[in-house]
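Enquirer: Next up, model_35.pdb (PDB, C-alpha atoms, pLDDT in the B column).
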ATOM      1  CA  MET M  20     -24.397  12.705   6.259  1.00 94.00           C
ATOM      2  CA  THR M  21     -20.866  13.881   5.519  1.00 97.00           C
ATOM      3  CA  LEU M  22     -17.841  11.628   5.326  1.00 97.00           C
ATOM      4  CA  GLN M  23     -16.630  13.102   8.604  1.00 97.00           C
ATOM      5  CA  GLU M  24     -19.947  12.302  10.288  1.00 98.00           C
ATOM      6  CA  ALA M  25     -19.888   8.786   8.867  1.00 98.00           C
ATOM      7  CA  GLN M  26     -16.390   8.220  10.214  1.00 98.00           C
ATOM      8  CA  ARG M  27     -17.488   9.409  13.669  1.00 98.00           C
ATOM      9  CA  GLU M  28     -20.651   7.294  13.661  1.00 98.00           C
ATOM     10  CA  VAL M  29     -18.848   4.123  12.576  1.00 98.00           C
ATOM     11  CA  ASP M  30     -16.200   4.691  15.249  1.00 97.00           C
ATOM     12  CA  GLN M  31     -18.879   5.291  17.888  1.00 97.00           C
ATOM     13  CA  TRP M  32     -20.772   2.150  16.856  1.00 97.00           C
ATOM     14  CA  ILE M  33     -17.634   0.028  17.047  1.00 96.00           C
ATOM     15  CA  LYS M  34     -16.761   1.415  20.477  1.00 94.00           C
ATOM     16  CA  THR M  35     -20.268   0.985  21.927  1.00 95.00           C
ATOM     17  CA  THR M  36     -21.951  -1.864  20.033  1.00 96.00           C
ATOM     18  CA  GLY M  37     -19.195  -3.695  18.220  1.00 91.00           C
ATOM     19  CA  VAL M  38     -16.369  -5.362  20.054  1.00 88.00           C
ATOM     20  CA  ARG M  39     -13.360  -3.809  18.343  1.00 94.00           C
ATOM     21  CA  TYR M  40     -11.927  -2.995  14.949  1.00 96.00           C
ATOM     22  CA  PHE M  41     -10.684  -6.039  13.103  1.00 96.00           C
ATOM     23  CA  SER M  42      -7.044  -5.844  12.088  1.00 97.00           C
ATOM     24  CA  GLU M  43      -6.242  -3.808   9.000  1.00 97.00           C
ATOM     25  CA  LEU M  44      -5.400  -6.976   7.082  1.00 98.00           C
ATOM     26  CA  THR M  45      -8.675  -8.643   8.077  1.00 98.00           C
ATOM     27  CA  ASN M  46     -10.606  -5.528   7.077  1.00 98.00           C
ATOM     28  CA  MET M  47      -8.820  -5.514   3.717  1.00 98.00           C
ATOM     29  CA  ALA M  48      -9.965  -9.097   3.166  1.00 98.00           C
ATOM     30  CA  ILE M  49     -13.516  -8.168   4.201  1.00 98.00           C
ATOM     31  CA  LEU M  50     -13.440  -5.159   1.845  1.00 98.00           C
ATOM     32  CA  THR M  51     -12.385  -7.429  -1.009  1.00 98.00           C
ATOM     33  CA  GLU M  52     -15.239  -9.791  -0.196  1.00 98.00           C
ATOM     34  CA  GLU M  53     -17.767  -6.951  -0.092  1.00 98.00           C
ATOM     35  CA  VAL M  54     -16.545  -5.512  -3.420  1.00 98.00           C
ATOM     36  CA  GLY M  55     -16.948  -9.010  -4.864  1.00 97.00           C
ATOM     37  CA  GLU M  56     -20.568  -9.031  -3.714  1.00 95.00           C
ATOM     38  CA  VAL M  57     -21.127  -5.692  -5.475  1.00 97.00           C
ATOM     39  CA  ALA M  58     -19.522  -7.088  -8.643  1.00 96.00           C
ATOM     40  CA  ARG M  59     -21.677 -10.211  -8.481  1.00 93.00           C
ATOM     41  CA  LEU M  60     -24.864  -8.185  -8.179  1.00 94.00           C
ATOM     42  CA  ILE M  61     -23.934  -5.697 -10.921  1.00 94.00           C
ATOM     43  CA  SER M  62     -23.080  -8.561 -13.278  1.00 93.00           C
ATOM     44  CA  ARG M  63     -26.573  -9.891 -12.731  1.00 91.00           C
ATOM     45  CA  ILE M  64     -28.440  -6.575 -12.893  1.00 91.00           C
ATOM     46  CA  TYR M  65     -26.530  -4.955 -15.768  1.00 94.00           C
ATOM     47  CA  GLY M  66     -24.561  -7.810 -17.259  1.00 91.00           C
ATOM     48  CA  ASP M  67     -25.306 -11.130 -18.838  1.00 89.00           C
ATOM     49  CA  GLN M  68     -25.297 -13.363 -15.781  1.00 84.00           C
ATOM     50  CA  SER M  69     -28.614 -14.687 -14.594  1.00 86.00           C
ATOM     51  CA  PHE M  70     -29.854 -14.270 -11.045  1.00 84.00           C
ATOM     52  CA  LYS M  71     -29.487 -17.139  -8.650  1.00 82.00           C
ATOM     53  CA  GLU M  72     -32.058 -17.655  -5.934  1.00 80.00           C
ATOM     54  CA  THR M  73     -29.615 -16.388  -3.300  1.00 79.00           C
ATOM     55  CA  ASP M  74     -29.213 -13.082  -5.193  1.00 78.00           C
ATOM     56  CA  ASN M  75     -32.896 -12.244  -5.584  1.00 78.00           C
ATOM     57  CA  LYS M  76     -33.291 -10.318  -2.324  1.00 86.00           C
ATOM     58  CA  LYS M  77     -29.992  -8.443  -2.469  1.00 92.00           C
ATOM     59  CA  LYS M  78     -30.048  -4.730  -3.182  1.00 95.00           C
ATOM     60  CA  LEU M  79     -27.189  -2.814  -4.768  1.00 96.00           C
ATOM     61  CA  GLY M  80     -27.486   0.047  -2.274  1.00 97.00           C
ATOM     62  CA  ASP M  81     -27.099  -2.361   0.643  1.00 97.00           C
ATOM     63  CA  GLU M  82     -24.028  -3.958  -0.901  1.00 97.00           C
ATOM     64  CA  LEU M  83     -22.437  -0.575  -1.653  1.00 98.00           C
ATOM     65  CA  ALA M  84     -23.130   0.486   1.942  1.00 98.00           C
ATOM     66  CA  ASP M  85     -21.276  -2.624   3.134  1.00 98.00           C
ATOM     67  CA  VAL M  86     -18.262  -1.550   1.061  1.00 98.00           C
ATOM     68  CA  LEU M  87     -18.469   1.982   2.456  1.00 98.00           C
ATOM     69  CA  TRP M  88     -18.707   0.704   6.041  1.00 98.00           C
ATOM     70  CA  VAL M  89     -15.541  -1.392   5.777  1.00 98.00           C
ATOM     71  CA  LEU M  90     -13.728   1.384   3.902  1.00 98.00           C
ATOM     72  CA  ILE M  91     -14.586   3.774   6.728  1.00 98.00           C
ATOM     73  CA  CYS M  92     -13.338   1.235   9.272  1.00 98.00           C
ATOM     74  CA  ILE M  93     -10.001   1.025   7.459  1.00 98.00           C
ATOM     75  CA  ALA M  94      -9.774   4.818   7.277  1.00 98.00           C
ATOM     76  CA  ASN M  95     -10.553   5.173  10.977  1.00 98.00           C
ATOM     77  CA  GLN M  96      -8.051   2.625  12.160  1.00 97.00           C
ATOM     78  CA  THR M  97      -5.267   3.982   9.946  1.00 97.00           C
ATOM     79  CA  GLY M  98      -5.890   7.634  10.777  1.00 97.00           C
ATOM     80  CA  VAL M  99      -7.127   8.704   7.335  1.00 98.00           C
ATOM     81  CA  ASP M 100      -9.521  11.651   7.191  1.00 98.00           C
ATOM     82  CA  LEU M 101     -11.683  10.695   4.214  1.00 98.00           C
ATOM     83  CA  THR M 102     -12.966  14.255   3.765  1.00 97.00           C
ATOM     84  CA  GLU M 103      -9.428  15.578   3.457  1.00 97.00           C
ATOM     85  CA  ALA M 104      -8.390  12.684   1.214  1.00 97.00           C
ATOM     86  CA  ALA M 105     -11.396  13.206  -1.082  1.00 96.00           C
ATOM     87  CA  GLU M 106     -10.785  16.942  -1.305  1.00 96.00           C
ATOM     88  CA  LYS M 107      -7.141  16.341  -2.260  1.00 95.00           C
ATOM     89  CA  LYS M 108      -8.227  13.792  -4.864  1.00 94.00           C
ATOM     90  CA  PHE M 109     -10.665  16.286  -6.430  1.00 93.00           C
ATOM     91  CA  GLU M 110      -7.953  18.959  -6.513  1.00 93.00           C
ATOM     92  CA  LYS M 111      -5.541  16.539  -8.178  1.00 91.00           C
ATOM     93  CA  LYS M 112      -8.151  15.384 -10.690  1.00 89.00           C
ATOM     94  CA  ASN M 113      -9.081  18.961 -11.587  1.00 89.00           C
ATOM     95  CA  GLN M 114      -5.462  20.008 -12.069  1.00 88.00           C
ATOM     96  CA  ARG M 115      -4.702  17.005 -14.235  1.00 71.00           C
ATOM     97  CA  ASP M 116      -7.842  17.347 -16.330  1.00 58.00           C
ATOM     98  CA  THR M 117      -7.500  21.075 -16.974  1.00 58.00           C
ATOM     99  CA  PRO M 118      -6.054  21.824 -20.440  1.00 58.00           C
TER     100      PRO M 118
END
Using the file provided, produce a representation of the structure as structure tokens.
Expert:
Amino acid sequence: MTLQEAQREVDQWIKTTGVRYFSELTNMAILTEEVGEVARLISRIYGDQSFKETDNKKKLGDELADVLWVLICIANQTGVDLTEAAEKKFEKKNQRDTP
């Protein structure tokens, strides 16, 4: 699945199954929460924190997908084409990193 396809599928799901997009500010808060869940899991898998019973069934891929979902929602509702944005970022990175 491409970024463009993901943006279309998320938008379609929200329009047919979901109720609506949350506000941009609410989605930013949700994104922060989801990133926190990724951090919590990584600190337990790769860091020194021990697992709590509530963390045992969580999977990193699922948590990263939650982050991606909300990020796509924010992109959709603000008119950002993530494919175009990613391509520009790669161009910028390659220009800056070239000696």
Enquirer: As an exercise, work out the distance from CA of Gly55 (chain M) to CA of Glu43 (chain M) in Å and give it to one decimal place.
Expert: 18.3 Å
Enquirer: Find the residues near Asn95 (chain M): any atom within 12 Å, counting only C-alpha atoms, skip ones fewer than 4 places away on the same chain, and give them as a list in words.
Expert: Leu22, Gln23, Glu24, Ala25, Gln26, Arg27, Glu28, Val29, Asp30, Gln31, Ile33, Lys34, Arg39, Tyr40, Phe41, Ser42, Glu43, Asn46, Trp88, Val89, Leu90, Ile91, Val99, Asp100, Leu101 and Thr102 of chain M
Enquirer: Go ahead and save the residues from that selection, with C-alpha atoms, as an mmCIF file, keeping the file's coordinate frame.
Expert:
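What ended up in result_31.cif:
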data_model
loop_
_atom_site.group_PDB
_atom_site.id
_atom_site.type_symbol
_atom_site.label_atom_id
_atom_site.label_comp_id
_atom_site.auth_asym_id
_atom_site.auth_seq_id
_atom_site.Cartn_x
_atom_site.Cartn_y
_atom_site.Cartn_z
ATOM 1 C CA LEU M 22 -17.841 11.628 5.326
ATOM 2 C CA GLN M 23 -16.630 13.102 8.604
ATOM 3 C CA GLU M 24 -19.947 12.302 10.288
ATOM 4 C CA ALA M 25 -19.888 8.786 8.867
ATOM 5 C CA GLN M 26 -16.390 8.220 10.214
ATOM 6 C CA ARG M 27 -17.488 9.409 13.669
ATOM 7 C CA GLU M 28 -20.651 7.294 13.661
ATOM 8 C CA VAL M 29 -18.848 4.123 12.576
ATOM 9 C CA ASP M 30 -16.200 4.691 15.249
ATOM 10 C CA GLN M 31 -18.879 5.291 17.888
ATOM 11 C CA ILE M 33 -17.634 0.028 17.047
ATOM 12 C CA LYS M 34 -16.761 1.415 20.477
ATOM 13 C CA ARG M 39 -13.360 -3.809 18.343
ATOM 14 C CA TYR M 40 -11.927 -2.995 14.949
ATOM 15 C CA PHE M 41 -10.684 -6.039 13.103
ATOM 16 C CA SER M 42 -7.044 -5.844 12.088
ATOM 17 C CA GLU M 43 -6.242 -3.808 9.000
ATOM 18 C CA ASN M 46 -10.606 -5.528 7.077
ATOM 19 C CA TRP M 88 -18.707 0.704 6.041
ATOM 20 C CA VAL M 89 -15.541 -1.392 5.777
ATOM 21 C CA LEU M 90 -13.728 1.384 3.902
ATOM 22 C CA ILE M 91 -14.586 3.774 6.728
ATOM 23 C CA VAL M 99 -7.127 8.704 7.335
ATOM 24 C CA ASP M 100 -9.521 11.651 7.191
ATOM 25 C CA LEU M 101 -11.683 10.695 4.214
ATOM 26 C CA THR M 102 -12.966 14.255 3.765
#
Enquirer: At what distance in Å, to one decimal, does CA of Ala104 (chain M) lie from CA of Met20 (chain M)?
Expert: 16.8 Å
Enquirer: Take CA of Leu50 (chain M) and CA of Tyr65 (chain M) and report the distance between them in Å, one decimal.
Expert: 21.9 Å
Enquirer: Which residues would end up in the selection if the PyMOL selection byres ((chain M and resi 60) around 9) were applied here, given that I need the answer as an mmCIF file with C-alpha atoms, keeping the file's coordinate frame?
Expert:
data_model
loop_
_atom_site.group_PDB
_atom_site.id
_atom_site.type_symbol
_atom_site.label_atom_id
_atom_site.label_comp_id
_atom_site.auth_asym_id
_atom_site.auth_seq_id
_atom_site.Cartn_x
_atom_site.Cartn_y
_atom_site.Cartn_z
ATOM 1 C CA GLY M 55 -16.948 -9.010 -4.864
ATOM 2 C CA GLU M 56 -20.568 -9.031 -3.714
ATOM 3 C CA VAL M 57 -21.127 -5.692 -5.475
ATOM 4 C CA ALA M 58 -19.522 -7.088 -8.643
ATOM 5 C CA ARG M 59 -21.677 -10.211 -8.481
ATOM 6 C CA ILE M 61 -23.934 -5.697 -10.921
ATOM 7 C CA SER M 62 -23.080 -8.561 -13.278
ATOM 8 C CA ARG M 63 -26.573 -9.891 -12.731
ATOM 9 C CA ILE M 64 -28.440 -6.575 -12.893
ATOM 10 C CA TYR M 65 -26.530 -4.955 -15.768
ATOM 11 C CA PHE M 70 -29.854 -14.270 -11.045
ATOM 12 C CA ASP M 74 -29.213 -13.082 -5.193
ATOM 13 C CA LYS M 77 -29.992 -8.443 -2.469
ATOM 14 C CA LYS M 78 -30.048 -4.730 -3.182
ATOM 15 C CA LEU M 79 -27.189 -2.814 -4.768
ATOM 16 C CA GLU M 82 -24.028 -3.958 -0.901
#
Enquirer: Give the answer as one residue: which of M:Val38, M:Trp32, M:Thr45, M:Lys112 has the shortest atom-to-atom distance to Ile93 (chain M), using all atoms listed in the file?
Expert: M:Thr45
Enquirer: Of the candidates M:Asp85, M:Asp67, M:Cys92, M:Gly98, which shows the shortest atom-to-atom distance to Gly37 (chain M), using all atoms listed in the file?
Expert: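 Smallest distance to Gly37 (chain M) is found for M:Cys92.
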Enquirer: From the options M:Val54, M:Arg115, M:Thr36, M:Thr21, which residue's atoms come nearest to Leu83 (chain M), counting only C-alpha atoms?
Expert: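 Of the candidates, the smallest distance to Leu83 (chain M) is held by M:Val54.
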